[in-house]
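Dumped upload-v4.txt below, it's compact mmCIF, C-alpha atoms:
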# COMPACT_ATOMS: atom_id res chain seq x y z
CA MET Z 17 0.00 0.00 0.00
CA LEU Z 18 2.84 2.39 0.78
CA PHE Z 19 4.27 1.73 -2.67
CA LEU Z 20 0.94 2.68 -4.23
CA ILE Z 21 0.81 5.95 -2.25
CA TYR Z 22 4.39 6.73 -3.25
CA TRP Z 23 3.60 6.00 -6.89
CA ILE Z 24 0.50 8.24 -6.84
CA PHE Z 25 2.58 11.15 -5.52
CA LYS Z 26 5.30 10.47 -8.05
CA VAL Z 27 2.97 10.31 -11.07
CA ASP Z 28 0.44 13.03 -10.18
CA ARG Z 29 1.75 15.21 -7.36
CA ALA Z 30 -0.70 18.04 -8.09
CA ASN Z 31 -3.75 15.81 -7.58
CA ALA Z 32 -2.34 13.24 -5.15
CA TRP Z 33 -4.29 14.50 -2.14
CA TRP Z 34 -7.50 14.48 -4.18
CA VAL Z 35 -6.79 10.91 -5.24
CA LEU Z 36 -6.00 9.76 -1.70
CA GLY Z 37 -9.07 11.58 -0.37
CA GLY Z 38 -11.20 9.79 -2.95
CA VAL Z 39 -9.69 6.43 -2.01
CA ALA Z 40 -10.39 7.14 1.66
CA LEU Z 41 -13.97 8.20 0.88
CA THR Z 42 -14.51 5.08 -1.25
CA ILE Z 43 -13.22 2.67 1.37
CA LEU Z 44 -14.99 4.45 4.24
CA ALA Z 45 -18.35 4.47 2.44
CA ALA Z 46 -18.09 0.92 1.11
CA ASP Z 47 -16.95 -0.47 4.46
CA GLN Z 48 -19.58 1.35 6.50
CA PHE Z 49 -22.37 0.38 4.11
CA THR Z 50 -21.41 -3.30 4.12
CA SER Z 51 -20.29 -3.75 7.74
CA GLY Z 52 -22.31 -1.10 9.49
CA PHE Z 53 -25.56 -1.39 7.59
CA LEU Z 54 -26.00 -4.60 5.55
CA LYS Z 55 -24.47 -7.18 7.88
CA PRO Z 56 -26.57 -6.18 10.92
CA LEU Z 57 -29.65 -5.75 8.71
CA MET Z 58 -29.45 -9.12 6.93
CA GLU Z 59 -27.99 -11.17 9.83
CA ARG Z 60 -26.92 -14.06 7.58
CA LEU Z 61 -24.41 -16.35 9.22
CA ARG Z 62 -21.00 -16.81 7.68
CA PRO Z 63 -20.41 -20.32 6.28
CA CYS Z 64 -17.93 -21.03 9.08
CA HIS Z 65 -20.58 -20.15 11.70
CA ASP Z 66 -23.46 -21.93 9.98
CA PRO Z 67 -24.26 -25.28 11.67
CA ARG Z 68 -25.40 -26.71 8.30
CA TRP Z 69 -21.79 -26.69 7.09
CA GLU Z 70 -20.21 -28.01 10.29
CA GLY Z 71 -17.75 -30.75 9.38
CA THR Z 72 -17.83 -29.77 5.71
CA ILE Z 73 -16.00 -26.45 5.79
CA HIS Z 74 -12.48 -26.39 7.12
CA ASN Z 75 -11.66 -22.99 8.53
CA TYR Z 76 -8.01 -21.97 8.78
CA GLY Z 77 -8.15 -20.13 12.08
CA ARG Z 78 -10.34 -17.13 12.67
CA CYS Z 79 -13.80 -16.94 11.23
CA GLY Z 80 -14.52 -13.25 11.76
CA GLY Z 81 -17.77 -11.78 12.96
CA LEU Z 82 -20.98 -13.74 13.19
CA TYR Z 83 -22.54 -12.31 10.02
CA GLY Z 84 -21.02 -12.22 6.57
CA PHE Z 85 -23.49 -10.78 4.06
CA VAL Z 86 -21.84 -8.97 2.15
CA SER Z 87 -18.05 -9.08 1.92
CA SER Z 88 -16.39 -5.86 3.06
CA HIS Z 89 -13.07 -7.13 1.69
CA ALA Z 90 -14.59 -7.42 -1.77
CA ALA Z 91 -16.29 -4.02 -1.52
CA ASN Z 92 -13.11 -2.28 -0.35
CA THR Z 93 -10.69 -3.88 -2.80
CA PHE Z 94 -12.95 -3.49 -5.82
CA GLY Z 95 -13.75 0.06 -4.73
CA LEU Z 96 -10.03 0.83 -4.58
CA ALA Z 97 -9.39 -0.75 -7.98
CA VAL Z 98 -12.28 1.00 -9.73
CA PHE Z 99 -11.63 4.42 -8.17
CA LEU Z 100 -7.91 4.45 -8.94
CA ASN Z 101 -8.41 3.17 -12.47
CA ARG Z 102 -11.06 5.85 -13.02
CA LYS Z 103 -9.19 8.76 -11.41
CA LEU Z 104 -5.73 7.99 -12.76
CA LYS Z 105 -6.79 6.80 -16.18
CA GLY Z 106 -4.02 7.61 -18.62
CA LYS Z 107 -1.63 8.82 -15.91
CA MET Z 108 -0.55 5.53 -14.35
CA LYS Z 109 0.13 2.45 -16.37
CA HIS Z 110 -0.42 -1.02 -15.00
CA LEU Z 111 -3.22 -0.08 -12.60
CA ARG Z 112 -5.31 -2.91 -13.97
CA TRP Z 113 -3.34 -5.25 -11.70
CA LEU Z 114 -5.53 -3.89 -8.89
CA TYR Z 115 -8.46 -5.82 -10.38
CA LEU Z 116 -6.44 -9.02 -10.10
CA TYR Z 117 -5.56 -8.06 -6.52
CA ALA Z 118 -9.28 -7.54 -5.76
CA VAL Z 119 -10.20 -10.90 -7.29
CA VAL Z 120 -7.47 -12.74 -5.34
CA VAL Z 121 -8.43 -11.09 -2.03
CA SER Z 122 -12.09 -11.85 -2.69
CA TYR Z 123 -11.40 -15.47 -3.62
CA THR Z 124 -9.50 -15.98 -0.36
CA ARG Z 125 -12.69 -15.07 1.52
CA ILE Z 126 -14.46 -18.01 -0.12
CA TYR Z 127 -11.47 -20.33 0.25
CA LEU Z 128 -11.22 -19.55 3.98
CA GLY Z 129 -14.91 -20.31 4.43
CA VAL Z 130 -15.88 -16.87 5.69
CA HIS Z 131 -18.09 -15.86 2.72
CA TYR Z 132 -20.41 -17.40 0.19
CA PRO Z 133 -19.72 -16.59 -3.50
CA PHE Z 134 -22.77 -14.30 -3.71
CA ASP Z 135 -21.40 -12.29 -0.75
CA ILE Z 136 -18.31 -11.62 -2.87
CA LEU Z 137 -20.25 -10.71 -6.02
CA LEU Z 138 -22.51 -8.30 -4.19
CA GLY Z 139 -19.58 -6.83 -2.24
CA ALA Z 140 -17.68 -6.24 -5.50
CA THR Z 141 -20.77 -4.61 -7.01
CA ILE Z 142 -21.24 -2.33 -4.03
CA GLY Z 143 -17.55 -1.37 -4.07
CA THR Z 144 -17.78 -0.57 -7.77
CA ILE Z 145 -20.87 1.61 -7.33
CA VAL Z 146 -19.37 3.44 -4.34
CA ALA Z 147 -16.15 4.05 -6.30
CA TRP Z 148 -18.07 5.64 -9.17
CA ILE Z 149 -20.05 7.82 -6.75
CA SER Z 150 -16.83 8.85 -4.98
CA TRP Z 151 -15.19 9.63 -8.31
CA PHE Z 152 -18.11 11.85 -9.38
CA PHE Z 153 -18.10 13.53 -5.97
CA ILE Z 154 -14.35 14.26 -6.03
CA VAL Z 155 -14.50 15.59 -9.59
CA PHE Z 156 -17.53 17.77 -8.75
CA VAL Z 157 -16.07 19.18 -5.50
CA LYS Z 158 -12.70 19.87 -7.10
CA ARG Z 159 -14.34 21.64 -10.03
CA LYS Z 160 -16.49 23.77 -7.70
CA LEU Z 161 -13.51 24.73 -5.54
CA ILE Z 162 -11.44 25.71 -8.57
CA LYS Z 163 -14.32 27.82 -9.95
CA GLN Z 164 -14.67 29.63 -6.61
CA ALA Z 165 -10.93 30.21 -6.37
CA LEU Z 166 -10.85 31.76 -9.84
CA LYS Z 167 -13.70 34.23 -9.10

Rewrite the structure from the file as structure tokens, please.
Amino acid sequence: MLFLIYWIFKVDRANAWWVLGGVALTILAADQFTSGFLKPLMERLRPCHDPRWEGTIHNYGRCGGLYGFVSSHAANTFGLAVFLNRKLKGKMKHLRWLYLYAVVVSYTRIYLGVHYPFDILLGATIGTIVAWISWFFIVFVKRKLIKQALK
């Protein structure tokens, strides 16, 4: 992560704080929506806590919280990937690797038995939507601030 921050400052120093603010907004919104709103609302047990799967799912240590619908890991990593690819389009090459990173992180959630596949798909969708909203918000706010500064 530190390398990514360094690279953002190196490639686009003038807009780096806007980019990092957008990343923070994306992750904060996606995480709070999934963990703070959906999980308590839906109350669906994680596979590793569900008695129906006892003896079938091998969990490699910690299982996490009681509820797992939807995956915050998927929402956050896909939000990061979409926002950075949107905001730094044409300025940073090789940002598409973040999509692979998001897929690998999301797959590990299924492999570890802490999420169902649909939890991952919906988490990725939520992260993508939040990233687009954050991108529009950052572009709009920046444009408004520049207009006011030029008046």

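You will find CA of Lys107 in chain Z at 14.2 Å from CA of Ile21 in chain Z.
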
Within 9 Å of Leu100 in chain Z using all atoms listed in the file, minus same-chain residues under 6 positions, as a PyMOL selection string:
chain Z and resi 35+38-39+111+114+147+151

Taking into account all atoms listed in the file, which residue in the set Z:Leu166, Z:Cys79, Z:Leu96, Z:Leu57 is nearest to Leu36 in chain Z?
Z:Leu96

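The spacing separating CA of Ile24 in chain Z from CA of Val155 in chain Z amounts to 16.9 Å.
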
Given 8 Å of margin on each side, can you work out the centre and size in Å (one decimal) of an axis-aligned box holding every listed atom of range 33-41 of chain Z, as JSON?
{"center_x": -9.1, "center_y": 10.5, "center_z": -1.8, "size_x": 25.7, "size_y": 24.1, "size_z": 22.9}

Proximity check range 27-114 of chain Z to range 138-142 of chain Z, 9 Å, nearest pairs one decimal Å, all atoms listed in the file, as JSON lines:
{"residue": "Z:Ala46", "atom": "CA", "partner": "Z:Ile142", "partner_atom": "CA", "distance": 6.8}
{"residue": "Z:Phe49", "atom": "CA", "partner": "Z:Ile142", "partner_atom": "CA", "distance": 8.7}
{"residue": "Z:Thr50", "atom": "CA", "partner": "Z:Gly139", "partner_atom": "CA", "distance": 7.5}
{"residue": "Z:Phe85", "atom": "CA", "partner": "Z:Gly139", "partner_atom": "CA", "distance": 8.4}
{"residue": "Z:Val86", "atom": "CA", "partner": "Z:Gly139", "partner_atom": "CA", "distance": 5.4}
{"residue": "Z:Ser87", "atom": "CA", "partner": "Z:Gly139", "partner_atom": "CA", "distance": 5.0}
{"residue": "Z:Ser88", "atom": "CA", "partner": "Z:Gly139", "partner_atom": "CA", "distance": 6.3}
{"residue": "Z:His89", "atom": "CA", "partner": "Z:Gly139", "partner_atom": "CA", "distance": 7.6}
{"residue": "Z:Ala90", "atom": "CA", "partner": "Z:Ala140", "partner_atom": "CA", "distance": 5.0}
{"residue": "Z:Ala91", "atom": "CA", "partner": "Z:Gly139", "partner_atom": "CA", "distance": 4.4}
{"residue": "Z:Asn92", "atom": "CA", "partner": "Z:Ala140", "partner_atom": "CA", "distance": 7.9}
{"residue": "Z:Thr93", "atom": "CA", "partner": "Z:Ala140", "partner_atom": "CA", "distance": 7.9}
{"residue": "Z:Phe94", "atom": "CA", "partner": "Z:Ala140", "partner_atom": "CA", "distance": 5.5}
{"residue": "Z:Gly95", "atom": "CA", "partner": "Z:Ala140", "partner_atom": "CA", "distance": 7.5}

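The nearest approach to Ile43 in chain Z among the residues Z:Ala97, Z:Val157, Z:Pro67, Z:Gln164, with all atoms listed in the file taken into account, belongs to Z:Ala97.
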